[in-house]
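Participant: The structure that follows is given in the form of structure tokens.
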Amino acid sequence: MKHSNTKTRRILVLTFYSFNTSPYSAGWQGFTLKWYQQLLQDTRILTALQNSLIVALCAVVMSAVLGTLMAVGLGRYRFPGKTIYRGISYLPMIIPDIAIAVATLVFLATFAIPLSLWTIVAAHIVFCLAYVGIVVAARLAKLDPHLEEAALDLGATPLQAFVKVLLPQLMPGIVAGCLLAFVLSLDDFLISSFTAGSGINTLPMEIFSRIRTGVKPDVNALSVILILISGLVAFLAEYIRYQGQSK
């Protein structure tokens, strides 16, 4: 509780100083919205935001497909090594980001794959996949498997049973998992910085490069916007997951 209160105070202070007229955060000199307006004209920020959105959206789409198939495969089928594969699949949720970043960089260097925006996407898919998979798996565990069996008995093919019976029931879990993965991808710094090509910046990387010379109100304003977006998306993910569980 104490740790949570400390975080809340920091966010409130950050928000307060994002409206500060002074270009330095040390002293309050008056209220202004110019730092938020300045962000809309900052080409570096807009380019970094575009990169972050491309990475997050691509990673989420791929993770939604692969994570759903992984959850269904682990939940509905038996195959050799299933327990080991299940453990490996969810390792990115346990392993520190720095370890994933270094391992990904070594892998890319081993196969002489040039770093670019798409290597960031590939790296993000690795950890987004685990989060989508575990949320979908939780939803799948609450579903009645006899519905699929009934569809097969009525003449549906396995693909038709999956698309028309199972997939609609999994959709709340898939959407919630995608929203969670989107937030994590958008906020990631470590993995992105290790796998980015020359001249490629994501939003967290751009923020980090700017605070080296001191935290200024424009960075505060950008941080407040990111907090609001992340909080909204996380709330939607939790709401959709809760609604899905209550059905």
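Residue names in the structure tokens use chain letters A, B, ... in the order shown, residue numbers from 1 in each chain, and ligand numbers from 1 in the order shown.
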Wanna dump the range 178-236 of chain A-range 12-31 of chain A contacts at 10 Å for me, each residue with its shortest atom pair and the distance in Å to one decimal, counting only C-alpha atoms, ordered by chain and number, as CSV?
Facilitator:
residue,atom,partner,partner_atom,distance
A:Gly214,CA,A:Tyr24,CA,8.4
A:Val215,CA,A:Ser25,CA,6.9
A:Lys216,CA,A:Tyr24,CA,5.6
A:Pro217,CA,A:Ser18,CA,4.8
A:Asp218,CA,A:Ser18,CA,6.8
A:Val219,CA,A:Ser18,CA,7.9
A:Asn220,CA,A:Ser18,CA,4.9
A:Ala221,CA,A:Ser18,CA,4.8
A:Leu222,CA,A:Ser18,CA,8.4
A:Ser223,CA,A:Leu14,CA,8.0
A:Val224,CA,A:Thr15,CA,6.0
A:Ile225,CA,A:Thr15,CA,9.4
A:Ile227,CA,A:Thr15,CA,9.9
Participant: List as a PyMOL selection string the protein and nucleic acid residues near range 69-86 of chain A, meaning an atom at most 9 Å away when only C-alpha atoms are counted, but skip any in the same chain fewer than 4 places from it.
Facilitator: chain A and resi 64-65+90-91+129+132-138+140-141+145
Participant: Give me, as a tab-separated table, each residue of range 52-144 of chain A that comes within 6 Å of range 195-210 of chain A, together with its shortest interatomic pair and the distance in Å at one decimal, counting only C-alpha atoms, with rows ordered by chain and rising residue number.
Facilitator:
residue	atom	partner	partner_atom	distance
A:Ser52	CA	A:Thr202	CA	5.0
A:Leu115	CA	A:Gly197	CA	4.2
A:Ser116	CA	A:Gly197	CA	4.0
A:Thr119	CA	A:Thr195	CA	6.0
A:Ile120	CA	A:Thr195	CA	5.4
Participant: Go through A:Gln37, A:Thr104, A:Ser230, A:Thr213 and flag the residue nearest Pro92 in chain A, using only C-alpha atoms for the distances.
Facilitator: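 The shortest atom-to-atom distance to Pro92 in chain A comes from A:Thr104.
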Participant: Check range 84-195 of chain A with DSSP on the backbone and list each residue it calls helix (DSSP H, G or I), as a PyMOL selection string.
Facilitator: chain A and resi 84-89+91-93+97-110+117-141+146-153+158-187+190-195
Participant: What lies within 10 Å of range 237-242 of chain A using only C-alpha atoms, ignoring chain neighbours under 3 positions off, as a list in words?
Facilitator: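 Result of the neighbour search: Val135, Val136, Ala138, Arg139, Met171, Pro172, Gly173, Ile174, Val175, Ala176, Gly177, Cys178, Leu179, Leu180, Ala181, Val183, Gly231, Leu232, Val233, Ala234, Gln245, Ser246 and Lys247 of chain A.
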Participant: From the set A:Ile229, A:Leu159, A:Leu117, A:Ala150, which residue has the shortest atom-to-atom contact distance to Leu186 in chain A, counting only C-alpha atoms?
Facilitator: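 The closest residue to Leu186 in chain A is A:Ile229.
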Participant: Which residue, A:Arg44, A:Arg212, A:Lys142, A:His124, has the smallest gap to Ser185 in chain A when you use only C-alpha atoms?
Facilitator: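 That would be A:His124, the residue with the smallest distance to Ser185 in chain A.
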Participant: Quick check, in Å to one decimal: how far apart do CA of Pro168 in chain A and CA of Asp187 in chain A lie?
Facilitator: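 Separation of CA of Pro168 in chain A and CA of Asp187 in chain A: 29.4 Å.
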